[in-house]
Each structure stands twice: as C-alpha cells, then as structure tokens.
$ cat query-v9.txt   # compact mmCIF, C-alpha atoms and all ligand atoms
# COMPACT_ATOMS: atom_id res chain seq x y z
CA MET J 1 -4.71 -30.31 6.10
CA GLY J 2 -1.97 -31.71 3.86
CA VAL J 3 0.61 -34.43 4.47
CA MET J 4 1.81 -34.41 8.09
CA ASP J 5 5.33 -33.13 8.36
CA LEU J 6 5.63 -30.89 11.37
CA LYS J 7 9.04 -29.59 10.38
CA ASN J 8 7.54 -28.12 7.28
CA LYS J 9 4.32 -26.82 8.71
CA LEU J 10 2.87 -23.85 6.88
CA LEU J 11 0.04 -21.59 7.95
CA VAL J 12 -1.98 -20.33 5.00
CA VAL J 13 -3.82 -17.08 5.76
CA VAL J 14 -6.50 -16.22 3.20
CA ASN J 15 -8.55 -13.04 3.03
CA PRO J 16 -11.74 -14.17 1.25
CA ILE J 17 -12.80 -10.62 0.26
CA SER J 18 -9.51 -8.90 -0.74
CA GLY J 19 -9.40 -7.62 -4.31
CA GLY J 20 -13.13 -8.19 -4.58
CA ALA J 21 -12.53 -11.65 -6.09
CA VAL J 22 -13.88 -15.05 -5.03
CA LYS J 23 -10.89 -17.21 -4.08
CA ASP J 24 -12.30 -20.74 -4.01
CA GLU J 25 -10.46 -21.78 -7.19
CA LEU J 26 -7.24 -20.06 -6.12
CA ILE J 27 -7.32 -21.78 -2.72
CA GLN J 28 -7.97 -25.13 -4.41
CA GLU J 29 -5.03 -24.56 -6.78
CA ILE J 30 -2.73 -23.56 -3.91
CA ALA J 31 -3.80 -26.58 -1.81
CA GLU J 32 -2.95 -28.88 -4.74
CA LEU J 33 0.43 -27.20 -5.30
CA LEU J 34 1.28 -27.57 -1.58
CA ASN J 35 0.16 -31.21 -1.56
CA ASP J 36 2.34 -31.89 -4.65
CA ARG J 37 5.28 -30.44 -2.73
CA GLN J 38 4.38 -32.48 0.37
CA VAL J 39 4.01 -29.44 2.58
CA ALA J 40 1.73 -29.77 5.61
CA PHE J 41 -0.51 -26.76 6.03
CA THR J 42 -3.37 -25.28 8.01
CA ILE J 43 -5.70 -22.77 6.40
CA TYR J 44 -6.96 -19.76 8.34
CA GLU J 45 -9.61 -17.59 6.64
CA THR J 46 -9.75 -14.02 7.88
CA THR J 47 -13.07 -12.63 9.08
CA GLY J 48 -12.10 -8.99 9.58
CA GLU J 49 -12.59 -9.47 13.36
CA LYS J 50 -9.71 -10.25 15.76
CA ASP J 51 -7.66 -11.92 12.98
CA GLU J 52 -4.37 -10.77 14.50
CA TYR J 53 -5.29 -12.45 17.78
CA HIS J 54 -6.42 -15.72 16.13
CA ILE J 55 -3.29 -15.92 13.95
CA ARG J 56 -1.10 -15.35 17.00
CA GLU J 57 -2.91 -18.17 18.78
CA LEU J 58 -2.19 -20.51 15.86
CA LEU J 59 1.49 -19.49 15.87
CA GLU J 60 1.73 -20.24 19.57
CA ALA J 61 -0.11 -23.57 19.38
CA GLN J 62 1.67 -25.01 16.34
CA SER J 63 5.29 -25.15 15.20
CA ILE J 64 4.90 -22.75 12.29
CA GLN J 65 7.94 -21.23 10.59
CA LYS J 66 6.26 -19.76 7.55
CA ILE J 67 2.97 -18.11 6.71
CA LEU J 68 1.62 -17.99 3.19
CA VAL J 69 -0.45 -14.81 2.91
CA ILE J 70 -3.18 -14.71 0.25
CA GLY J 71 -4.56 -11.18 0.23
CA GLY J 72 -3.68 -7.53 -0.19
CA ASP J 73 -1.57 -5.14 1.89
CA GLY J 74 -4.10 -5.08 4.72
CA THR J 75 -3.84 -8.83 5.12
CA ILE J 76 -0.01 -8.72 5.08
CA GLN J 77 -0.25 -6.00 7.78
CA THR J 78 -2.47 -8.15 10.00
CA VAL J 79 -0.10 -11.11 9.66
CA ALA J 80 2.97 -8.93 10.33
CA LYS J 81 1.37 -7.69 13.56
CA ALA J 82 0.52 -11.24 14.64
CA VAL J 83 4.10 -12.41 13.91
CA ASP J 84 5.48 -9.54 16.00
CA LYS J 85 9.09 -10.41 16.87
CA ARG J 86 8.86 -14.17 16.16
CA ASP J 87 11.20 -15.74 13.61
CA VAL J 88 8.38 -16.56 11.18
CA ALA J 89 8.76 -15.81 7.47
CA LEU J 90 6.01 -14.55 5.16
CA GLY J 91 5.44 -15.95 1.67
CA LEU J 92 3.20 -13.74 -0.43
CA ILE J 93 0.44 -14.57 -2.90
CA PRO J 94 -0.77 -11.15 -4.08
CA ALA J 95 -4.58 -11.14 -4.10
CA GLY J 96 -5.57 -7.59 -3.18
CA SER J 97 -6.90 -4.75 -5.27
CA ALA J 98 -3.64 -2.81 -5.45
CA ASN J 99 -0.92 -5.10 -3.99
CA GLY J 100 1.34 -2.14 -3.26
CA LEU J 101 3.94 -4.02 -1.24
CA VAL J 102 4.35 -6.98 -3.61
CA SER J 103 4.61 -4.62 -6.60
CA ASN J 104 8.03 -3.63 -5.20
CA PHE J 105 9.50 -7.11 -5.62
CA GLU J 106 10.09 -8.81 -8.94
CA PHE J 107 7.31 -11.29 -8.30
CA SER J 108 5.97 -13.74 -10.83
CA THR J 109 2.28 -13.54 -11.68
CA ASN J 110 2.19 -17.35 -11.87
CA VAL J 111 0.81 -18.96 -8.71
CA ALA J 112 3.08 -22.05 -8.92
CA ASN J 113 6.12 -19.74 -9.14
CA GLN J 114 4.82 -17.67 -6.22
CA ILE J 115 4.53 -20.87 -4.15
CA ASP J 116 8.10 -21.81 -5.08
CA ILE J 117 9.32 -18.36 -3.98
CA ALA J 118 7.41 -18.76 -0.69
CA LEU J 119 8.83 -22.24 -0.09
CA GLY J 120 12.34 -21.28 -1.25
CA ASP J 121 15.14 -19.88 0.88
CA SER J 122 15.67 -16.34 -0.42
CA TYR J 123 14.36 -13.69 1.93
CA ILE J 124 14.91 -10.13 2.99
CA LEU J 125 14.67 -8.74 6.51
CA MET J 126 12.33 -5.91 5.73
CA ASP J 127 12.32 -2.64 7.65
CA MET J 128 9.13 -1.60 9.39
CA ILE J 129 8.05 1.88 10.46
CA SER J 130 5.76 3.05 13.22
CA VAL J 131 3.60 5.96 12.02
CA ASN J 132 1.58 7.49 14.89
CA ASP J 133 1.69 4.00 16.44
CA HIS J 134 0.32 2.34 13.28
CA LEU J 135 2.54 -0.29 11.68
CA CYS J 136 3.69 0.82 8.22
CA LEU J 137 5.33 -1.68 5.88
CA HIS J 138 4.99 0.15 2.61
CA ILE J 139 4.10 3.87 2.30
CA ALA J 140 2.26 6.32 4.53
CA ASP J 141 1.38 9.81 3.38
CA LEU J 142 -0.20 13.05 4.43
CA GLY J 143 -2.15 15.20 2.01
CA ILE J 144 -3.62 14.69 -1.41
CA ASN J 145 -3.20 10.91 -1.75
CA ALA J 146 -4.67 10.17 1.69
CA THR J 147 -7.65 12.40 0.87
CA LEU J 148 -8.09 10.38 -2.32
CA ILE J 149 -7.99 7.11 -0.37
CA LYS J 150 -10.59 8.40 2.09
CA ASN J 151 -12.97 9.27 -0.75
CA TYR J 152 -12.26 5.93 -2.38
CA GLU J 153 -13.09 4.03 0.82
CA ASN J 154 -16.37 5.92 0.99
CA SER J 155 -17.26 4.96 -2.57
CA GLU J 156 -18.80 1.65 -3.58
CA ILE J 157 -16.15 0.83 -6.14
CA ARG J 158 -13.23 -1.47 -5.35
CA GLY J 159 -10.26 -1.69 -7.67
CA LYS J 160 -8.17 0.76 -9.59
CA LEU J 161 -11.08 2.38 -11.40
CA GLY J 162 -12.18 3.69 -8.01
CA TYR J 163 -9.03 5.76 -7.66
CA ALA J 164 -9.45 7.31 -11.10
CA LEU J 165 -13.08 8.24 -10.54
CA GLN J 166 -12.30 9.83 -7.19
CA THR J 167 -9.43 11.98 -8.43
CA ILE J 168 -11.32 14.93 -9.87
CA PRO J 169 -13.67 15.69 -6.93
CA THR J 170 -10.75 15.28 -4.49
CA LEU J 171 -8.58 17.78 -6.32
CA MET J 172 -11.45 20.27 -6.43
CA GLU J 173 -12.37 19.89 -2.75
CA SER J 174 -8.92 20.03 -1.18
CA ASP J 175 -7.42 23.23 0.21
CA LEU J 176 -4.03 22.98 -1.48
CA PRO J 177 -1.23 23.54 -0.77
CA TYR J 178 -0.85 22.47 2.86
CA SER J 179 1.76 23.88 5.29
CA PHE J 180 4.15 21.33 6.78
CA SER J 181 6.96 21.56 9.35
CA LEU J 182 9.32 18.59 9.34
CA THR J 183 11.82 17.82 12.09
CA PHE J 184 14.55 15.26 11.43
CA ASN J 185 18.29 14.95 12.02
CA ASP J 186 18.19 17.92 14.46
CA GLN J 187 16.75 20.35 11.92
CA THR J 188 13.27 21.70 11.27
CA ILE J 189 12.13 22.83 7.84
CA HIS J 190 8.90 24.60 6.96
CA LEU J 191 7.34 24.38 3.56
CA GLN J 192 4.19 24.21 1.53
CA GLY J 193 3.30 21.09 -0.35
CA VAL J 194 0.55 18.84 -1.66
CA MET J 195 1.82 15.68 0.01
CA VAL J 196 4.46 14.38 2.42
CA ALA J 197 5.24 10.68 2.04
CA ILE J 198 6.94 8.38 4.53
CA ALA J 199 8.21 5.60 2.32
CA ASN J 200 9.86 2.29 3.00
CA ALA J 201 9.11 1.14 -0.54
CA LYS J 202 9.72 2.54 -4.02
CA GLN J 203 6.30 2.47 -5.56
CA PHE J 204 2.55 2.33 -5.13
CA GLY J 205 0.54 -0.61 -6.46
CA THR J 206 -0.49 1.56 -9.41
CA GLY J 207 3.14 1.49 -10.56
CA ALA J 208 3.89 5.12 -9.62
CA VAL J 209 7.51 5.18 -8.40
CA ILE J 210 7.38 7.96 -5.82
CA ASN J 211 10.63 7.00 -4.09
CA PRO J 212 13.33 5.85 -6.54
CA LYS J 213 15.82 5.50 -3.63
CA GLY J 214 13.50 3.19 -1.66
CA LYS J 215 15.02 -0.09 -0.48
CA MET J 216 13.00 -2.12 1.94
CA ASP J 217 15.95 -3.58 3.85
CA ASP J 218 18.46 -0.72 4.10
CA GLY J 219 17.73 0.39 7.68
CA VAL J 220 16.35 3.79 6.64
CA PHE J 221 13.16 5.15 5.17
CA GLU J 222 12.65 8.23 3.04
CA VAL J 223 10.57 11.28 3.79
CA LEU J 224 9.51 12.97 0.56
CA ILE J 225 7.92 16.38 0.18
CA PHE J 226 5.87 16.83 -2.96
CA LYS J 227 5.64 20.57 -3.45
CA LYS J 228 3.27 21.04 -6.39
CA LEU J 229 0.98 19.02 -8.59
CA MET J 230 3.15 19.12 -11.71
CA LEU J 231 1.63 16.89 -14.35
CA VAL J 232 4.82 16.24 -16.31
CA ASP J 233 6.66 15.27 -13.11
CA ILE J 234 3.78 13.08 -11.93
CA LEU J 235 3.97 11.25 -15.26
CA LYS J 236 7.73 10.84 -14.79
CA THR J 237 7.07 8.76 -11.67
CA LEU J 238 6.05 6.01 -14.09
CA ASN J 239 9.73 5.74 -14.96
CA GLU J 240 11.87 4.40 -12.13
CA ASP J 241 15.17 6.01 -13.15
CA SER J 242 14.02 9.44 -14.19
CA TYR J 243 15.58 12.59 -12.72
CA ARG J 244 13.36 14.21 -10.07
CA ASN J 245 12.87 17.95 -10.36
CA PRO J 246 13.58 19.53 -6.91
CA ASP J 247 10.72 22.03 -7.55
CA PHE J 248 8.45 18.97 -7.62
CA VAL J 249 9.85 16.74 -4.87
CA GLU J 250 12.61 16.65 -2.26
CA CYS J 251 13.73 13.46 -0.55
CA PHE J 252 15.53 12.88 2.79
CA PRO J 253 16.62 9.47 4.13
CA VAL J 254 15.84 9.27 7.87
CA THR J 255 15.20 6.84 10.72
CA LYS J 256 12.92 9.24 12.57
CA VAL J 257 10.81 12.24 11.61
CA THR J 258 8.04 14.37 13.08
CA ILE J 259 5.71 16.33 10.85
CA ALA J 260 3.36 19.09 11.97
CA CYS J 261 0.63 20.51 9.76
CA GLN J 262 -1.75 23.41 10.11
CA PRO J 263 -4.68 22.99 9.61
CA GLU J 264 -5.07 19.21 9.99
CA VAL J 265 -4.33 17.02 6.94
CA ALA J 266 -5.51 13.52 5.89
CA LEU J 267 -3.17 10.63 6.79
CA GLN J 268 -3.09 7.16 5.22
CA VAL J 269 -0.87 4.23 6.21
CA ASP J 270 -0.38 1.32 3.75
CA GLY J 271 -3.60 2.19 1.92
CA GLU J 272 -5.82 2.60 5.00
CA PHE J 273 -7.23 6.03 5.74
CA ILE J 274 -6.37 6.89 9.37
CA GLY J 275 -7.95 10.33 9.82
CA LYS J 276 -7.06 14.01 9.71
CA VAL J 277 -4.10 14.84 11.94
CA GLN J 278 -1.98 17.83 12.99
CA LYS J 279 1.08 15.78 13.92
CA VAL J 280 2.79 12.66 12.65
CA SER J 281 5.66 10.86 14.39
CA ALA J 282 7.37 8.19 12.32
CA GLU J 283 10.22 6.00 13.48
CA LEU J 284 12.02 2.93 12.20
CA LEU J 285 11.21 -0.09 14.35
CA SER J 286 14.03 -2.23 15.68
CA SER J 287 12.33 -5.46 14.57
CA LYS J 288 12.38 -6.64 10.94
CA LEU J 289 9.94 -8.72 8.92
CA LYS J 290 11.22 -11.80 7.09
CA ILE J 291 9.73 -11.78 3.58
CA MET J 292 10.40 -14.50 1.01
CA VAL J 293 11.47 -12.96 -2.33
CA PRO J 294 12.60 -14.31 -5.71
CA ALA J 295 16.27 -15.37 -5.72
CA GLN J 296 16.82 -13.04 -8.69
CA SER J 297 15.37 -9.98 -6.91
CA LYS J 298 17.56 -6.86 -6.74
CA GLU J 299 17.77 -7.02 -2.94
CA ILE J 300 19.17 -10.57 -3.01
CA GLN J 301 21.57 -9.82 -5.90
CA GLU J 302 22.93 -6.75 -4.09
CA ARG J 303 23.32 -8.53 -0.75
CA PHE J 304 25.41 -11.31 -2.25
CA ASN J 305 27.10 -9.08 -4.88
CA LEU J 306 25.85 -11.34 -7.65
N1 LIG G 1 -13.96 -12.21 5.84
C1 LIG G 1 -13.86 -10.88 5.79
N2 LIG G 1 -14.96 -10.13 5.58
C2 LIG G 1 -14.88 -8.77 5.51
N3 LIG G 1 -13.72 -8.08 5.65
C3 LIG G 1 -12.59 -8.78 5.84
C4 LIG G 1 -12.60 -10.21 5.92
N4 LIG G 1 -11.33 -10.62 6.12
C5 LIG G 1 -10.55 -9.51 6.18
N5 LIG G 1 -11.30 -8.41 6.01
C6 LIG G 1 -10.81 -7.02 5.92
O1 LIG G 1 -10.07 -6.90 4.70
C7 LIG G 1 -9.19 -5.80 4.79
C8 LIG G 1 -7.84 -6.11 4.20
O2 LIG G 1 -7.97 -6.27 2.84
P1 LIG G 1 -6.66 -6.23 1.95
O3 LIG G 1 -5.96 -4.94 2.13
O4 LIG G 1 -5.87 -7.46 2.14
O5 LIG G 1 -7.29 -6.30 0.51
P2 LIG G 1 -7.58 -5.16 -0.55
O6 LIG G 1 -8.05 -3.96 0.17
O7 LIG G 1 -8.44 -5.72 -1.61
O8 LIG G 1 -6.15 -5.01 -1.17
P3 LIG G 1 -5.07 -3.82 -1.25
O9 LIG G 1 -4.72 -3.46 0.16
O10 LIG G 1 -3.90 -4.43 -2.00
O11 LIG G 1 -5.74 -2.71 -2.00
C9 LIG G 1 -9.06 -5.49 6.28
O12 LIG G 1 -9.72 -4.26 6.51
C10 LIG G 1 -9.81 -6.63 6.97
O13 LIG G 1 -10.44 -6.20 8.16

$ encode --input "query-v9.txt" --output "structure tokens" --more "lines below"
Ligand SMILES: Nc1ncnc2c1ncn2[C@@H]1O[C@H](COP(=O)(O)OP(=O)(O)OP(=O)(O)O)[C@@H](O)[C@H]1O
Amino acid sequence: MGVMDLKNKLLVVVNPISGGAVKDELIQEIAELLNDRQVAFTIYETTGEKDEYHIRELLEAQSIQKILVIGGDGTIQTVAKAVDKRDVALGLIPAGSANGLVSNFEFSTNVANQIDIALGDSYILMDMISVNDHLCLHIADLGINATLIKNYENSEIRGKLGYALQTIPTLMESDLPYSFSLTFNDQTIHLQGVMVAIANAKQFGTGAVINPKGKMDDGVFEVLIFKKLMLVDILKTLNEDSYRNPDFVECFPVTKVTIACQPEVALQVDGEFIGKVQKVSAELLSSKLKIMVPAQSKEIQERFNL
C-alpha cells in the first residue's frame, strides 16, 4: 500500500507467470515509481482462478478509477471483463510473451515512461468485439494461425521461439485450404482460404501487420480473408504501408459478421485457442474500454487533429 490518497487510488493487477518471467524486481520498481509519484495503490496478484470475480470485488469495495495491468493479453482480457461497463481506465505495463495488444500503440519500453502514460490523461475508448460470446480486444482468427496457437499451447515452450518451432508440423498437418461462407452487410460470399481474421487491431505481437486499416477506436472492425499462403505477401505484412495483393487477402470493414466453415476449423481469440468450430458470430459491443495511451500516439493525434 502506498501513500493514502483515495482520489488517486490505483489497483495494480499483476500476472506472476505471464511471459515466463519472474516479476519480483519489476513489481518492486513499479511500487517505487508509484510511491515517488505519491499514488496510493493496492496490488492484486492473479492466480488463474476466479481473477475476474476477485478484481470486480475490489472495484466494488474501493474507489478505483484506474487499473495498472502488468501482464500479457490474457491478463488485459481478464481485467477488461471485470471492469465491464464501469468508467475505469486501464494503464498497461506489457509483460506477456507476445503483448499483441500493446504492440499496436506507440508504447515506450521504459517502465517509468509506461507508468507516466498510465498516470497521464491521454486515452482512447477502444472498441471491443464479441466472438462466439468470447470477448475479443485484439484479433480473433479461424484457420491456420489458430491451429498454430493450439499446437503452441500443447508444447512446453513459451515465447516466440515456440511459434517458429510449431510452424512446420502445423502446415504439414492442416487440410488447406478451408471453405468459408461469410455473411455481412446483407450479403453472403463463399470462398476458399487459409485464414479468416476478425481484427480490431493492426498487428500481431510478432509485428506482422495483418490489418493495415485497423484502428482500435473507429467503431468498426475488419474481417480479412487470407486466400493463399503466399510467402512474398506474408513477408510484406512486416511493412505497415505496403500494398496488399487481392489474390492474397481481401478486407471488409464491418460491425457484424457470421462465418460458416465446412468441415470445422480452429478458432483463436486474442491468442487463446477456443476449439474447432463450424460457425462464428462476431459483433461489435456497445461498450468501450478506456485505455491509457501515449499523448503522441496516432489515435490521439488524429482525434485532436494535431
Ligand atoms: N498465478 C497464476 N498461475 C498460473 N496461471 C496464471 C496465474 N495468473 C494468471 N494465470 C493465467 O495466465 C494466463 C494469461 O497470461 P497472459 O496472456 O497475460 O500472458 P502470456 O500468455 O505470457 O502473454 P501473451 O498473451 O502476451 O502471449 C491466463 O490463462 C491466466 O489464467
């Protein structure tokens, strides 16, 4: 507990296992930085059991306006669910293995700067999507990437190396291409592809920009159909501004989409493997998530025409 100042009370949610790293030193450093800034705080360490419920209890019992989240996308997800429709902002300290969501903001890698962003007053009201009733903040997809994530979760390796090692067996096992039917804006299209992505964000934590049009606070999300595994075009996703070959990917901005696939295809939401499904319903939620971002971030510059 830091200096008592109820107006400034911060809840610090730490996932002790995210990213596979011990966080004792990081927590110590953050506690000192918060004390220096005279911010009162309570620390909650996640256990992996009923965290959403416990965080909600803390929000109800104490006058908390901000939560500092130290963890990966899964931890941000849990906190977002606990916040629900409350006017509570999230400050982010990326400490996961991939940090997909945070990689979309121009975040500093310096912890003191991250604390200043969290305690500052620049925020976005981020869109959220429901994907088969799972909350999606970042990117959900059906097909090759979700299959990869499933194999990765079954392996012993955490971290980016895990993805690389899992790629080859996944590509050999999968029955590509899959058949998808997508219904949106009163039309249904049928096509073959290796992956369909439902994207709020621009890029994965690996840096692959799969959705150059992605803006987290524009009131729409994109549905993207990746038709073939084209190596040159996959490499081009490393460049944000590059032209996207329509033989490789097509993109549609939507607020609602249903996707049917035959036979069933692997689904992942924000990096968690959900299962194999024959149908996906995705819809923009009416509630938004308040996320603290750097004042110089693109979203803030565009909003205020700076
Ligand atoms: N104390 C704990 N022990 C074991 N598992 C935990 C604990 N606390 C949280 N978890 C689990 O950690 C997972 C969330 O991890 P998170 O996504 O934040 O990190 P990561 O997987 O390393 O990062 P990323 O999502 O960026 O790849 C959830 O599945 C949650 O149940």

$ axis_aligned_box --input "query-v9.txt" --around "ligand LIG 1 (chain G)" --padding-each-side "5 Å" --output "lines of an AutoDock Vina configuration file"
center_x = -9.4
center_y = -7.5
center_z = 3.1
size_x = 21.1
size_y = 19.5
size_z = 20.2

$ closest_atom_pairs --input "query-v9.txt" --of "chain J" --to "ligand LIG 1 (chain G)" --cutoff "9 Å" --atoms "only C-alpha atoms and all ligand atoms" --output "Markdown table"
| residue | atom | partner | partner_atom | distance |
| --- | --- | --- | --- | --- |
| J:Val14 | CA | G:LIG1 | N4 | 8.0 |
| J:Asn15 | CA | G:LIG1 | N4 | 4.8 |
| J:Pro16 | CA | G:LIG1 | N1 | 5.5 |
| J:Ile17 | CA | G:LIG1 | C1 | 5.6 |
| J:Ser18 | CA | G:LIG1 | O7 | 3.5 |
| J:Gly19 | CA | G:LIG1 | O7 | 3.4 |
| J:Gly20 | CA | G:LIG1 | O7 | 6.1 |
| J:Ala21 | CA | G:LIG1 | O7 | 8.5 |
| J:Glu45 | CA | G:LIG1 | N1 | 7.0 |
| J:Thr46 | CA | G:LIG1 | N4 | 4.1 |
| J:Thr47 | CA | G:LIG1 | N1 | 3.4 |
| J:Gly48 | CA | G:LIG1 | O13 | 3.5 |
| J:Glu49 | CA | G:LIG1 | O13 | 6.5 |
| J:Lys50 | CA | G:LIG1 | O13 | 8.6 |
| J:Asp51 | CA | G:LIG1 | C5 | 7.8 |
| J:Ile70 | CA | G:LIG1 | O4 | 8.0 |
| J:Gly71 | CA | G:LIG1 | O4 | 4.4 |
| J:Gly72 | CA | G:LIG1 | O4 | 3.2 |
| J:Asp73 | CA | G:LIG1 | O9 | 4.0 |
| J:Gly74 | CA | G:LIG1 | O3 | 3.2 |
| J:Thr75 | CA | G:LIG1 | O4 | 3.9 |
| J:Ile76 | CA | G:LIG1 | O4 | 6.7 |
| J:Gln77 | CA | G:LIG1 | O4 | 8.1 |
| J:Thr78 | CA | G:LIG1 | C9 | 8.0 |
| J:Pro94 | CA | G:LIG1 | O10 | 7.7 |
| J:Ala95 | CA | G:LIG1 | O8 | 7.0 |
| J:Gly96 | CA | G:LIG1 | O8 | 3.3 |
| J:Ser97 | CA | G:LIG1 | O11 | 4.0 |
| J:Ala98 | CA | G:LIG1 | O10 | 3.8 |
| J:Asn99 | CA | G:LIG1 | O10 | 3.6 |
| J:Gly100 | CA | G:LIG1 | O10 | 5.9 |
| J:Leu101 | CA | G:LIG1 | O10 | 7.9 |
| J:Val102 | CA | G:LIG1 | O10 | 8.8 |
| J:Arg158 | CA | G:LIG1 | O7 | 7.4 |
| J:Gly159 | CA | G:LIG1 | O11 | 7.3 |
| J:Lys160 | CA | G:LIG1 | O11 | 8.7 |
| J:Gly205 | CA | G:LIG1 | O10 | 7.4 |
| J:Asp270 | CA | G:LIG1 | O9 | 7.4 |
| J:Gly271 | CA | G:LIG1 | O9 | 6.0 |
| J:Glu272 | CA | G:LIG1 | O9 | 7.8 |

$ atom_distance --input "query-v9.txt" --atom1 "CA of Gln62 (chain J)" --atom2 "CA of Ser130 (chain J)"
28.5 Å

$ closest_residue --input "query-v9.txt" --among "J:Leu58, J:Ala118, J:Leu125, J:Ala112" --to "Lys288 (chain J)" --atoms "only C-alpha atoms"
J:Leu125

$ residues_around --input "query-v9.txt" --residues "Phe221 (chain J)" --least-positions-apart "5" --cutoff "7 Å" --atoms "all atoms listed in the file" --output "PyMOL selection string"
chain J and resi 199-200+253-255

$ atom_distance --input "query-v9.txt" --atom1 "CA of Leu68 (chain J)" --atom2 "CA of His138 (chain J)"
18.5 Å

$ closest_residue --input "query-v9.txt" --among "J:Ile198, J:Leu238, J:Ile259, J:Ile124" --to "Gln301 (chain J)" --atoms "all atoms listed in the file"
J:Ile124

$ residues_around --input "query-v9.txt" --residues "Ile55 (chain J)" --least-positions-apart "4" --cutoff "9 Å" --atoms "all atoms listed in the file" --output "VMD selection string"
chain J and resid 11 13 44 50 to 51 59 to 60 78 to 79 82 to 83

$ write_last_selection --input "query-v9.txt" --atoms "C-alpha atoms" --output "PDB file, keeping the file's coordinate frame"
ATOM      1  CA  LEU J  11       0.040 -21.590   7.950  1.00  0.00           C
ATOM      2  CA  VAL J  13      -3.820 -17.080   5.760  1.00  0.00           C
ATOM      3  CA  TYR J  44      -6.960 -19.760   8.340  1.00  0.00           C
ATOM      4  CA  LYS J  50      -9.710 -10.250  15.760  1.00  0.00           C
ATOM      5  CA  ASP J  51      -7.660 -11.920  12.980  1.00  0.00           C
ATOM      6  CA  LEU J  59       1.490 -19.490  15.870  1.00  0.00           C
ATOM      7  CA  GLU J  60       1.730 -20.240  19.570  1.00  0.00           C
ATOM      8  CA  THR J  78      -2.470  -8.150  10.000  1.00  0.00           C
ATOM      9  CA  VAL J  79      -0.100 -11.110   9.660  1.00  0.00           C
ATOM     10  CA  ALA J  82       0.520 -11.240  14.640  1.00  0.00           C
ATOM     11  CA  VAL J  83       4.100 -12.410  13.910  1.00  0.00           C
TER      12      VAL J  83
END

$ atom_distance --input "query-v9.txt" --atom1 "CA of Glu283 (chain J)" --atom2 "CA of Asp186 (chain J)"
14.4 Å

$ closest_residue --input "query-v9.txt" --among "J:Gly207, J:Pro294, J:Gly91, J:Pro246" --to "Phe226 (chain J)" --atoms "all atoms listed in the file"
J:Pro246

$ closest_residue --input "query-v9.txt" --among "J:Ser286, J:Gln262, J:Ser179, J:Ser297" --to "Met128 (chain J)" --atoms "only C-alpha atoms"
J:Ser286

$ closest_residue --input "query-v9.txt" --among "J:Ser63, J:Gln278, J:Thr147, J:Asn185" --to "Arg86 (chain J)" --atoms "all atoms listed in the file"
J:Ser63

$ closest_residue --input "query-v9.txt" --among "J:Lys85, J:Asn104, J:Lys279, J:Leu176" --to "Asn211 (chain J)" --atoms "all atoms listed in the file"
J:Asn104
